[in-house]
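Engineer: The file below is query-v2.txt, compact mmCIF, C-alpha atoms:
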```txt
# COMPACT_ATOMS: atom_id res chain seq x y z
CA MET A 1 0.00 0.00 0.00
CA LEU A 2 1.35 3.35 -1.01
CA PHE A 3 -0.32 5.44 1.67
CA SER A 4 -0.36 4.17 5.26
CA VAL A 5 -3.60 4.16 7.19
CA HIS A 6 -3.03 4.15 10.96
CA ARG A 7 -5.79 2.27 12.71
CA SER A 8 -4.64 2.72 16.28
CA THR A 9 -2.12 4.49 18.46
CA LEU A 10 -1.53 1.67 20.93
CA GLY A 11 2.15 2.04 20.19
CA SER A 12 2.41 5.64 21.37
CA LEU A 13 4.57 4.93 24.38
CA SER A 14 6.45 7.11 26.81
CA ALA A 15 9.24 7.27 24.23
CA ALA A 16 7.00 9.57 22.20
CA ALA A 17 6.68 12.01 25.09
CA ALA A 18 10.43 12.03 25.58
CA LEU A 19 10.85 12.55 21.85
CA LEU A 20 8.51 15.53 21.96
CA VAL A 21 10.68 17.27 24.55
CA ALA A 22 13.88 16.38 22.70
CA LEU A 23 12.61 17.77 19.41
CA ALA A 24 11.42 21.01 20.95
CA ILE A 25 14.76 21.60 22.64
CA ALA A 26 16.83 20.58 19.61
CA LEU A 27 14.94 22.78 17.16
CA MET A 28 14.40 25.82 19.38
CA PRO A 29 17.60 27.67 18.33
CA GLN A 30 16.82 27.07 14.66
CA LEU A 31 13.16 28.04 14.86
CA ALA A 32 13.35 30.92 17.28
CA SER A 33 14.95 33.21 14.71
CA ALA A 34 12.42 32.40 11.99
CA GLN A 35 9.61 34.80 11.15
CA SER A 36 6.04 33.81 11.93
CA GLY A 37 3.38 33.43 9.30
CA GLY A 38 0.15 31.71 8.45
CA PHE A 39 -2.11 31.35 5.46
CA ASN A 40 -5.81 31.89 4.95
CA THR A 41 -7.55 30.70 1.81
CA ARG A 42 -10.87 31.44 0.17
CA ALA A 43 -10.99 27.87 -1.13
CA LYS A 44 -13.64 25.60 0.32
CA ALA A 45 -10.90 22.99 0.79
CA ALA A 46 -7.15 23.17 0.29
CA VAL A 47 -3.95 21.20 0.87
CA LEU A 48 -0.27 21.96 0.38
CA LEU A 49 2.00 18.89 0.37
CA ASP A 50 5.78 18.64 0.35
CA ALA A 51 6.55 15.94 -2.22
CA ASP A 52 9.96 15.00 -0.78
CA THR A 53 8.81 14.19 2.74
CA GLY A 54 5.05 13.76 2.30
CA ALA A 55 4.51 16.47 4.91
CA ILE A 56 1.19 18.32 4.86
CA LEU A 57 2.24 21.96 5.12
CA TYR A 58 -1.26 23.39 5.02
CA GLN A 59 -4.75 21.96 5.21
CA ASN A 60 -8.23 23.41 5.25
CA ASN A 61 -11.25 21.08 5.21
CA ALA A 62 -8.80 18.55 3.79
CA ASP A 63 -11.00 15.53 4.49
CA GLU A 64 -14.35 16.89 3.32
CA LEU A 65 -15.78 14.95 0.38
CA LEU A 66 -16.51 17.30 -2.52
CA ALA A 67 -17.28 17.03 -6.22
CA PRO A 68 -13.86 16.91 -7.95
CA ALA A 69 -15.12 17.64 -11.49
CA SER A 70 -12.39 16.95 -14.08
CA VAL A 71 -9.75 16.48 -11.37
CA SER A 72 -11.28 12.97 -11.36
CA LYS A 73 -9.39 12.39 -14.60
CA LEU A 74 -6.22 11.94 -12.53
CA MET A 75 -7.60 8.59 -11.37
CA THR A 76 -8.65 7.72 -14.91
CA ALA A 77 -5.07 8.43 -15.98
CA GLU A 78 -3.69 6.38 -13.08
CA VAL A 79 -5.61 3.29 -14.18
CA VAL A 80 -4.37 3.73 -17.76
CA PHE A 81 -0.78 4.44 -16.66
CA ARG A 82 -0.78 1.29 -14.55
CA ALA A 83 -2.04 -0.82 -17.45
CA LEU A 84 0.74 0.64 -19.63
CA LYS A 85 3.40 0.01 -16.98
CA GLU A 86 2.25 -3.60 -16.53
CA GLY A 87 2.41 -4.20 -20.29
CA LYS A 88 -1.35 -4.75 -20.63
CA LEU A 89 -1.65 -1.76 -22.95
CA LYS A 90 0.60 0.10 -25.40
CA LEU A 91 0.53 3.77 -26.37
CA THR A 92 0.08 2.70 -29.99
CA ASP A 93 -3.02 0.61 -29.22
CA GLU A 94 -6.32 2.08 -30.42
CA PHE A 95 -9.80 2.38 -28.93
CA THR A 96 -12.80 3.32 -31.05
CA MET A 97 -15.03 6.26 -30.11
CA SER A 98 -18.44 4.77 -29.40
CA GLU A 99 -21.73 6.55 -29.95
CA HIS A 100 -22.22 6.74 -26.18
CA ALA A 101 -18.80 8.32 -25.61
CA TRP A 102 -19.34 10.71 -28.52
CA ARG A 103 -22.81 11.81 -27.37
CA THR A 104 -21.98 11.98 -23.65
CA GLY A 105 -18.56 13.60 -23.82
CA GLY A 106 -17.93 14.52 -27.43
CA ALA A 107 -19.11 17.27 -29.77
CA PRO A 108 -22.88 16.83 -29.14
CA SER A 109 -22.40 17.11 -25.35
CA ARG A 110 -21.16 20.71 -25.45
CA THR A 111 -18.72 19.81 -22.69
CA SER A 112 -14.93 19.70 -22.82
CA SER A 113 -14.04 17.41 -25.73
CA MET A 114 -11.15 16.40 -27.98
CA PHE A 115 -13.63 15.89 -30.84
CA VAL A 116 -12.85 12.37 -31.95
CA PRO A 117 -15.45 11.55 -34.62
CA ILE A 118 -17.99 8.83 -33.86
CA ASN A 119 -16.82 5.27 -34.67
CA THR A 120 -13.28 6.53 -35.24
CA PRO A 121 -10.24 4.84 -33.64
CA ALA A 122 -7.78 6.90 -31.61
CA THR A 123 -4.45 5.83 -30.11
CA ILE A 124 -3.99 5.56 -26.36
CA ASP A 125 -1.30 8.21 -26.70
CA ASP A 126 -3.72 10.69 -28.28
CA LEU A 127 -6.53 9.80 -25.86
CA LEU A 128 -4.25 10.43 -22.87
CA LYS A 129 -3.22 13.81 -24.24
CA GLY A 130 -6.84 14.63 -24.96
CA LEU A 131 -7.71 13.57 -21.43
CA LEU A 132 -5.01 15.54 -19.60
CA ILE A 133 -4.29 18.55 -21.83
CA GLN A 134 -7.75 19.29 -23.26
CA SER A 135 -9.69 17.54 -20.43
CA GLY A 136 -11.74 15.71 -23.04
CA ASN A 137 -14.74 13.91 -21.59
CA ASP A 138 -15.00 11.86 -24.80
CA ALA A 139 -11.39 10.73 -24.27
CA ALA A 140 -12.16 9.70 -20.68
CA ILE A 141 -15.21 7.66 -21.66
CA CYS A 142 -13.45 6.07 -24.65
CA LEU A 143 -10.55 4.96 -22.42
CA ALA A 144 -12.98 3.61 -19.83
CA GLU A 145 -14.98 1.61 -22.36
CA GLY A 146 -11.83 0.31 -24.02
CA LEU A 147 -10.36 -0.95 -20.76
CA SER A 148 -13.46 -2.11 -18.88
CA GLY A 149 -16.33 -2.27 -21.34
CA SER A 150 -18.42 0.47 -19.76
CA GLU A 151 -18.21 3.63 -17.68
CA ALA A 152 -19.82 1.90 -14.71
CA LYS A 153 -17.34 -0.99 -14.66
CA PHE A 154 -14.42 1.38 -15.09
CA ALA A 155 -15.70 3.56 -12.23
CA GLU A 156 -15.70 0.48 -9.99
CA ARG A 157 -12.11 -0.08 -11.08
CA MET A 158 -11.24 3.54 -10.22
CA THR A 159 -12.65 3.17 -6.71
CA ALA A 160 -10.85 -0.14 -6.23
CA GLU A 161 -7.61 1.46 -7.40
CA ALA A 162 -8.13 4.30 -4.93
CA ARG A 163 -8.41 1.77 -2.11
CA ARG A 164 -5.27 -0.02 -3.31
CA LEU A 165 -3.42 3.29 -3.04
CA GLY A 166 -4.73 3.88 0.49
CA LEU A 167 -7.27 6.54 -0.52
CA THR A 168 -10.05 5.48 1.81
CA LYS A 169 -12.76 8.06 1.15
CA SER A 170 -12.85 8.90 -2.57
CA THR A 171 -15.52 7.24 -4.72
CA PHE A 172 -16.08 7.34 -8.47
CA ALA A 173 -19.15 6.99 -10.67
CA ASN A 174 -17.60 7.90 -14.03
CA PRO A 175 -14.17 8.51 -15.61
CA SER A 176 -14.79 12.13 -16.66
CA GLY A 177 -15.88 14.04 -13.56
CA LEU A 178 -19.26 15.02 -15.01
CA TYR A 179 -21.58 15.52 -12.07
CA ASP A 180 -22.79 12.48 -10.20
CA PRO A 181 -23.51 12.42 -6.45
CA GLY A 182 -21.34 9.30 -6.18
CA GLN A 183 -18.30 11.13 -7.57
CA GLN A 184 -16.47 12.53 -4.54
CA MET A 185 -12.88 13.18 -3.49
CA THR A 186 -11.12 15.00 -0.66
CA ALA A 187 -8.40 17.59 -1.10
CA ARG A 188 -5.99 15.41 0.88
CA GLU A 189 -6.60 12.36 -1.30
CA ILE A 190 -6.27 14.42 -4.48
CA ALA A 191 -2.85 15.60 -3.26
CA LEU A 192 -1.81 12.04 -2.41
CA LEU A 193 -2.95 10.82 -5.82
CA ALA A 194 -0.97 13.58 -7.54
CA HIS A 195 2.08 12.64 -5.46
CA HIS A 196 1.70 9.03 -6.53
CA LEU A 197 1.42 9.93 -10.22
CA ILE A 198 4.57 12.06 -10.09
CA LYS A 199 6.57 9.43 -8.24
CA GLU A 200 5.28 6.26 -9.89
CA TYR A 201 4.98 7.31 -13.53
CA PRO A 202 7.84 9.67 -14.44
CA GLU A 203 7.72 8.46 -18.05
CA TYR A 204 4.14 9.74 -18.48
CA TYR A 205 4.16 12.75 -16.16
CA PRO A 206 5.51 15.14 -18.87
CA ILE A 207 2.07 14.97 -20.53
CA PHE A 208 0.79 17.22 -17.73
CA SER A 209 3.16 20.04 -18.72
CA GLN A 210 2.73 19.77 -22.50
CA ARG A 211 1.46 23.19 -23.58
CA LEU A 212 -0.05 22.28 -26.96
CA PHE A 213 -1.73 19.15 -28.30
CA GLU A 214 -2.65 19.02 -31.99
CA TYR A 215 -5.23 16.45 -33.01
CA ARG A 216 -6.66 16.29 -36.51
CA LYS A 217 -7.59 19.90 -37.33
CA HIS A 218 -7.73 21.00 -33.68
CA LYS A 219 -5.17 22.78 -31.52
CA PHE A 220 -5.67 22.28 -27.79
CA TYR A 221 -3.79 24.46 -25.29
CA ASN A 222 -3.16 23.16 -21.78
CA ARG A 223 -5.82 24.41 -19.40
CA ASN A 224 -3.56 24.55 -16.35
CA PRO A 225 -3.22 28.28 -15.55
CA LEU A 226 -0.08 27.75 -13.43
CA LEU A 227 2.10 26.59 -16.32
CA PRO A 228 2.76 30.05 -17.86
CA LEU A 229 3.44 31.77 -14.52
CA ASP A 230 7.21 31.11 -14.32
CA ILE A 231 6.91 29.50 -10.88
CA GLY A 232 8.28 26.09 -11.83
CA ALA A 233 4.83 24.57 -12.40
CA ASP A 234 4.71 21.33 -14.41
CA GLY A 235 1.24 19.86 -13.72
CA LEU A 236 -1.43 18.70 -13.04
CA LYS A 237 -5.19 19.31 -13.65
CA THR A 238 -8.10 21.74 -13.42
CA GLY A 239 -11.76 20.95 -12.92
CA TYR A 240 -15.06 22.79 -13.02
CA ILE A 241 -18.74 21.97 -12.89
CA LYS A 242 -21.37 24.22 -11.39
CA GLU A 243 -21.85 21.81 -8.47
CA SER A 244 -18.16 21.97 -7.51
CA GLY A 245 -16.93 25.44 -8.33
CA TYR A 246 -13.39 25.83 -9.66
CA ASN A 247 -10.85 23.19 -8.60
CA LEU A 248 -7.14 22.81 -9.29
CA VAL A 249 -4.36 20.45 -8.36
CA GLY A 250 -0.92 21.74 -9.32
CA SER A 251 2.73 21.01 -8.72
CA ALA A 252 5.84 23.12 -8.98
CA VAL A 253 9.58 22.73 -8.41
CA GLN A 254 11.77 25.56 -7.12
CA ASN A 255 15.42 25.05 -6.17
CA GLY A 256 14.93 21.31 -6.27
CA LYS A 257 11.94 21.38 -3.91
CA ARG A 258 8.61 20.07 -5.23
CA LEU A 259 5.30 21.15 -3.69
CA ILE A 260 1.80 19.94 -4.59
CA VAL A 261 -1.18 22.26 -4.13
CA VAL A 262 -4.91 21.51 -4.16
CA VAL A 263 -7.66 24.16 -4.06
CA MET A 264 -11.36 23.35 -4.38
CA GLY A 265 -14.66 25.15 -4.52
CA LEU A 266 -13.56 28.60 -5.66
CA PRO A 267 -16.06 30.94 -7.36
CA THR A 268 -14.04 31.99 -10.42
CA GLU A 269 -11.19 30.86 -12.66
CA SER A 270 -9.05 33.79 -11.55
CA ASP A 271 -9.64 32.94 -7.88
CA ARG A 272 -8.54 29.37 -8.56
CA THR A 273 -5.30 30.54 -10.15
CA SER A 274 -4.48 33.20 -7.59
CA GLU A 275 -5.22 31.00 -4.55
CA ALA A 276 -3.09 28.14 -5.87
CA LYS A 277 -0.20 30.46 -6.70
CA LYS A 278 -0.39 32.25 -3.32
CA LEU A 279 -0.37 28.95 -1.48
CA LEU A 280 2.67 27.73 -3.42
CA ASP A 281 4.49 31.03 -2.87
CA TRP A 282 3.71 30.88 0.84
CA GLY A 283 4.94 27.30 1.08
CA TYR A 284 8.28 28.03 -0.56
CA ARG A 285 8.74 31.12 1.59
CA SER A 286 7.62 29.72 4.95
CA PHE A 287 9.13 26.24 5.34
CA ALA A 288 12.53 24.64 5.55
CA PRO A 289 13.87 21.10 6.09
CA PHE A 290 15.22 20.13 9.53
CA LYS A 291 17.21 16.98 10.25
CA LEU A 292 16.02 15.21 13.38
CA PHE A 293 18.02 11.99 13.46
CA ASN A 294 21.15 10.65 11.81
CA ALA A 295 21.15 7.40 9.86
CA GLY A 296 20.90 4.46 12.26
CA GLU A 297 20.03 6.63 15.27
CA THR A 298 17.34 5.17 17.53
CA VAL A 299 14.13 7.19 17.43
CA GLY A 300 12.15 5.24 20.02
CA SER A 301 10.88 1.74 20.63
CA ALA A 302 7.82 -0.40 20.03
CA ARG A 303 6.30 -2.95 22.41
CA VAL A 304 6.55 -6.60 21.40
CA TRP A 305 4.21 -9.15 22.99
CA GLY A 306 5.60 -12.61 23.65
CA GLY A 307 9.05 -11.80 22.29
CA GLU A 308 12.46 -12.56 23.72
CA GLN A 309 12.53 -8.88 24.67
CA PHE A 310 9.76 -6.45 25.55
CA TYR A 311 10.74 -3.71 23.08
CA VAL A 312 12.33 -3.36 19.67
CA PRO A 313 14.30 -0.17 18.87
CA LEU A 314 13.14 1.87 15.87
CA THR A 315 15.17 3.77 13.28
CA GLY A 316 14.53 5.53 9.99
CA ASP A 317 15.67 4.40 6.56
CA GLY A 318 18.69 6.70 6.63
CA PRO A 319 18.65 10.19 8.16
CA ILE A 320 15.25 11.51 9.23
CA SER A 321 14.34 15.03 8.10
CA VAL A 322 11.03 16.86 8.30
CA ILE A 323 9.66 20.08 6.86
CA LEU A 324 8.80 22.65 9.52
CA PRO A 325 7.78 26.30 9.61
CA ARG A 326 10.67 28.71 9.49
CA VAL A 327 8.90 30.72 12.11
CA PRO A 328 6.37 29.45 14.55
CA GLU A 329 5.69 31.86 17.37
CA ASN A 330 6.27 28.97 19.76
CA PRO A 331 8.60 26.16 18.62
CA ARG A 332 6.66 23.41 20.39
CA LEU A 333 6.16 20.19 18.44
CA LYS A 334 4.05 17.13 19.01
CA ALA A 335 5.73 13.82 18.19
CA GLU A 336 4.12 10.40 18.26
CA ILE A 337 5.31 6.90 17.45
CA ILE A 338 2.29 5.19 15.91
CA TYR A 339 1.76 1.55 15.10
CA ASP A 340 -0.76 -1.28 15.35
CA GLY A 341 0.44 -3.06 18.39
CA PRO A 342 1.79 -4.57 20.41
CA LEU A 343 3.88 -6.22 17.69
CA LYS A 344 3.97 -10.00 17.53
CA PRO A 345 7.24 -11.87 17.00
CA PRO A 346 9.13 -12.72 14.97
CA VAL A 347 10.11 -9.16 14.08
CA LYS A 348 12.93 -8.91 11.55
CA LYS A 349 15.49 -6.13 11.30
CA GLY A 350 14.38 -3.77 8.55
CA ASP A 351 10.66 -4.53 8.88
CA ARG A 352 8.54 -1.39 8.60
CA VAL A 353 6.59 -1.46 11.86
CA ALA A 354 5.74 2.12 12.87
CA THR A 355 5.42 5.74 11.84
CA LEU A 356 6.91 8.86 13.39
CA ARG A 357 4.34 11.65 13.19
CA VAL A 358 5.62 15.16 13.92
CA THR A 359 3.04 17.95 14.11
CA SER A 360 3.95 21.61 14.45
CA GLN A 361 1.99 24.12 16.48
CA THR A 362 0.53 25.46 13.23
CA ASN A 363 -0.73 21.97 12.29
CA GLN A 364 1.86 20.97 9.70
CA VAL A 365 2.14 17.18 9.76
CA ASN A 366 5.18 15.08 8.82
CA GLU A 367 4.95 11.29 8.79
CA VAL A 368 8.13 9.23 8.49
CA PRO A 369 8.24 5.40 8.35
CA LEU A 370 10.15 3.65 11.12
CA TYR A 371 11.83 0.26 10.92
CA ALA A 372 12.88 -2.41 13.37
CA ALA A 373 16.55 -1.94 14.21
CA GLN A 374 17.08 -5.56 15.21
CA ASP A 375 15.49 -9.00 15.18
CA VAL A 376 13.12 -10.04 17.96
CA GLU A 377 12.40 -13.76 18.11
CA PRO A 378 9.51 -15.38 20.02
CA GLY A 379 10.20 -15.70 23.71
CA GLY A 380 9.76 -18.72 25.95
CA LEU A 381 6.97 -19.58 28.35
CA VAL A 382 8.37 -17.32 31.08
CA ARG A 383 8.44 -14.28 28.80
CA ARG A 384 4.91 -14.93 27.54
CA GLY A 385 3.81 -15.39 31.14
CA LEU A 386 5.23 -12.01 32.11
CA ASP A 387 3.40 -10.39 29.20
CA SER A 388 0.19 -12.08 30.31
CA LEU A 389 0.66 -10.66 33.81
CA ALA A 390 1.17 -7.23 32.28
CA HIS A 391 -2.10 -7.70 30.45
CA LEU A 392 -3.94 -8.58 33.64
CA ALA A 393 -2.39 -5.77 35.63
CA LEU A 394 -2.74 -3.02 33.03
CA SER A 395 -5.80 -4.20 31.06
CA TRP A 396 -3.52 -4.31 28.06
CA VAL A 397 -4.88 -6.52 25.30
CA PRO A 398 -2.44 -8.08 22.86
CA LEU A 399 -3.58 -8.29 19.22
```
I need this file expressed as structure tokens, please.

Structural biologist:
Amino acid sequence: MLFSVHRSTLGSLSAAAALLVALAIALMPQLASAQSGGFNTRAKAAVLLDADTGAILYQNNADELLAPASVSKLMTAEVVFRALKEGKLKLTDEFTMSEHAWRTGGAPSRTSSMFVPINTPATIDDLLKGLLIQSGNDAAICLAEGLSGSEAKFAERMTAEARRLGLTKSTFANPSGLYDPGQQMTAREIALLAHHLIKEYPEYYPIFSQRLFEYRKHKFYNRNPLLPLDIGADGLKTGYIKESGYNLVGSAVQNGKRLIVVVMGLPTESDRTSEAKKLLDWGYRSFAPFKLFNAGETVGSARVWGGEQFYVPLTGDGPISVILPRVPENPRLKAEIIYDGPLKPPVKKGDRVATLRVTSQTNQVNEVPLYAAQDVEPGGLVRRGLDSLAHLALSWVPL
């Protein structure tokens, strides 16, 4: 699974409290000299994500389900990209534009279209460019029918793919984003999906920044308003229907640092552009990386039930850095070690068993995977007996 879902915090032990104090003390000299700042948005929902660390730098109504409009096409693209990567599809393969796709999303629909004529074949390469550059609803439906036979079956596939990626709330009813009450996404999950596309499909990601797509007699210019702004933008997608307002998910790179921005529910196109740009500008101006632990340094420990030892030490996969505000008014941090636990032996060195979550006072969240630093084998009867006594004494229930 690409995105962890933490079901419990049974593993948040006293080590987390000690870590909280240690982080606050260690970072105080660095943070005390930074200037304070916050951000307010007019968007109904918004997220700013640091692509290198996965840290959420800003969130507003990030988990509210909203109509994504054509931003939904990111999941349509993900399903197609995956089929290409697995060799089940080639860019030179062709799907034929059905009457349904033509009427629902093509020229007769008076919606965004790449204008493939009815009963005409189009290559996957052209359909993807029509999908992501022109936001063609006919391209989305044609891809869906070609891969799954119908929009409905493809929508089920989109929702299943979302769950595979760890997106637990988003649901899909069609591949295009045309209004349907069952078509819903959250700003957080849109940002995570964008992050996945950038990381997992570098060979196809350049489509998102292609400025011009020529198909037959048509010239389609990329609808992403961030691309011409000279801010390092290279993706991803806009969306609008009257039920959603104006949505945008974008990404930019400045000085080697990639940020992903999502804004939803804005009243005008210009608001969508300005809010996304302001949030990116604020992110680049207001945050900096901070190293917390060196490679191999113990971060904390996790409880093991019935093992040859009660705890296993935890480390990162190399040095652990997080993105934090340059200037909080108070440099206090909240740190938690989170896992489903207690762990059950055997635990092998290098197993991913926990997550370090660091939250700043201004609600920026960093999550870093933690790994077992050594093996823990099953213990004998005496050790299991001691753990059972701990259960009786502390009402602690092993999983």

Engineer: Residues near Arg216 of chain A, anyone? I mean within 12 Å using only C-alpha atoms, not counting same-chain ones fewer than 4 positions away, as an MDAnalysis selection string.

Structural biologist: chainID A and resid 114:117 120 122 126 130 220

Engineer: Restricting the calculation to only C-alpha atoms: of A:Leu212, A:Met75, A:Val376, A:Ala152, which residue gets closest to Leu197 of chain A?

Structural biologist: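 Going through A:Leu212, A:Met75, A:Val376, A:Ala152 one by one, the smallest distance to Leu197 of chain A is for A:Met75.
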
Engineer: Taking only C-alpha atoms into account, which of A:Phe208, A:Tyr284, A:Tyr58, A:Tyr240 comes nearest Thr41 of chain A?

Structural biologist: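 Of all the options, A:Tyr58 lies closest to Thr41 of chain A.
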
Engineer: Which one is closest to Arg258 of chain A: A:Ala55, A:Val299, A:Ala46, A:Ala62? Count all atoms listed in the file.

Structural biologist: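 Closest to Arg258 of chain A of all the choices is A:Ala55.
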
Engineer: Pick out the closest residue to Thr168 of chain A from this set: A:Val71, A:Asp180, A:Leu333, A:Glu189. Count all atoms listed in the file.

Structural biologist: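 Of A:Val71, A:Asp180, A:Leu333, A:Glu189, the one nearest Thr168 of chain A, counting all atoms listed in the file, is A:Glu189.
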
Engineer: Measuring atom to atom with only C-alpha atoms, identify which of A:Asn137, A:Gly105, A:Ala83, A:Ala162 is nearest to Tyr201 of chain A.

Structural biologist: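 With only C-alpha atoms as the atom set, the closest residue is A:Ala83.
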
Engineer: Could you tell me which of A:Pro225, A:Lys73, A:Ser274, A:Leu266 comes closest to Ala155 of chain A if we count all atoms listed in the file?

Structural biologist: A:Lys73

Engineer: May I ask for the distance between atom CA of Gly256 of chain A and atom CA of Pro202 of chain A, given in Å to one decimal place?

Structural biologist: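 Atom CA of Gly256 of chain A sits 15.9 Å away from atom CA of Pro202 of chain A.
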
Engineer: Got a sec: who's within 8 Å of Ser360 of chain A, counting only C-alpha atoms, leaving out chain neighbours fewer than 3 positions off, as a VMD selection string?

Structural biologist: chain A and resid 324 to 325 331 to 334 363 to 365

Engineer: At a cut-off of 10 Å, using all atoms listed in the file, what residues contact Pro346 of chain A? Leave out same-chain residues fewer than 4 positions from it and give the result as a PyMOL selection string.

Structural biologist: chain A and resi 304+306-308+375-379

Engineer: What is the distance between atom CA of Gln254 of chain A and atom CA of Arg223 of chain A, in Å to one decimal?

Structural biologist: 21.5 Å

Engineer: Can you tell me how far atom CA of Ala67 of chain A sits from atom CA of Glu200 of chain A, in Å to one decimal?

Structural biologist: 25.3 Å

Engineer: Please identify all polymer residues within 9 Å of segment 287-291 of chain A, counting only C-alpha atoms, omitting same-chain residues fewer than 3 positions from it, and present them as a PyMOL selection string.

Structural biologist: chain A and resi 27+30+57+282-284+294+319-327

Engineer: Find the residues near Asn222 of chain A: any atom within 9 Å, counting all atoms listed in the file, skip ones fewer than 4 places away on the same chain, and give them as a PDB file with C-alpha atoms, in the coordinates of the input.

Structural biologist:
```pdb
ATOM      1  CA  LEU A 132      -5.010  15.540 -19.600  1.00  0.00           C
ATOM      2  CA  ILE A 133      -4.290  18.550 -21.830  1.00  0.00           C
ATOM      3  CA  GLN A 134      -7.750  19.290 -23.260  1.00  0.00           C
ATOM      4  CA  SER A 135      -9.690  17.540 -20.430  1.00  0.00           C
ATOM      5  CA  PHE A 208       0.790  17.220 -17.730  1.00  0.00           C
ATOM      6  CA  SER A 209       3.160  20.040 -18.720  1.00  0.00           C
ATOM      7  CA  GLN A 210       2.730  19.770 -22.500  1.00  0.00           C
ATOM      8  CA  ARG A 211       1.460  23.190 -23.580  1.00  0.00           C
ATOM      9  CA  LEU A 212      -0.050  22.280 -26.960  1.00  0.00           C
ATOM     10  CA  PHE A 213      -1.730  19.150 -28.300  1.00  0.00           C
ATOM     11  CA  LEU A 227       2.100  26.590 -16.320  1.00  0.00           C
TER      12      LEU A 227
END
```

Engineer: Determine, counting only C-alpha atoms, every residue of protein, DNA or RNA that lies within 9 Å of (4.1, 15.5, 2.0) in the file coordinates, then give the result as an MDAnalysis selection string.

Structural biologist: chainID A and resid 48:57 191:192 195 259:260 323 365:367

Engineer: Rebuild N, CA and C atoms on segment 357-371 of chain A, as a short mmCIF file (atom, residue, chain, number, x, y, z; two decimals), in the coordinates of the input?

Structural biologist:
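The resulting selection-v8.cif:
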```cif
data_model
loop_
_atom_site.label_atom_id
_atom_site.label_comp_id
_atom_site.auth_asym_id
_atom_site.auth_seq_id
_atom_site.Cartn_x
_atom_site.Cartn_y
_atom_site.Cartn_z
N ARG A 357 5.16 10.52 13.61
CA ARG A 357 4.34 11.65 13.19
C ARG A 357 4.76 12.88 13.99
N VAL A 358 5.20 13.92 13.29
CA VAL A 358 5.62 15.16 13.92
C VAL A 358 4.68 16.26 13.46
N THR A 359 4.01 16.91 14.42
CA THR A 359 3.04 17.95 14.11
C THR A 359 3.49 19.25 14.74
N SER A 360 3.55 20.31 13.93
CA SER A 360 3.95 21.61 14.45
C SER A 360 2.77 22.29 15.10
N GLN A 361 3.05 23.37 15.81
CA GLN A 361 1.99 24.12 16.48
C GLN A 361 0.99 24.68 15.49
N THR A 362 1.43 24.93 14.24
CA THR A 362 0.53 25.46 13.23
C THR A 362 -0.05 24.36 12.35
N ASN A 363 0.00 23.11 12.87
CA ASN A 363 -0.73 21.97 12.29
C ASN A 363 -0.11 21.41 11.03
N GLN A 364 1.19 21.67 10.78
CA GLN A 364 1.86 20.97 9.70
C GLN A 364 2.21 19.58 10.20
N VAL A 365 1.97 18.57 9.35
CA VAL A 365 2.14 17.18 9.76
C VAL A 365 3.18 16.51 8.87
N ASN A 366 4.20 15.92 9.50
CA ASN A 366 5.18 15.08 8.82
C ASN A 366 4.99 13.65 9.32
N GLU A 367 4.99 12.70 8.41
CA GLU A 367 4.95 11.29 8.79
C GLU A 367 6.12 10.57 8.14
N VAL A 368 6.92 9.89 8.96
CA VAL A 368 8.13 9.23 8.49
C VAL A 368 8.06 7.76 8.90
N PRO A 369 8.27 6.82 7.98
CA PRO A 369 8.24 5.40 8.35
C PRO A 369 9.41 5.03 9.26
N LEU A 370 9.13 4.14 10.21
CA LEU A 370 10.15 3.65 11.12
C LEU A 370 10.29 2.13 10.96
N TYR A 371 11.51 1.66 11.18
CA TYR A 371 11.83 0.26 10.92
C TYR A 371 12.47 -0.38 12.15
#
```
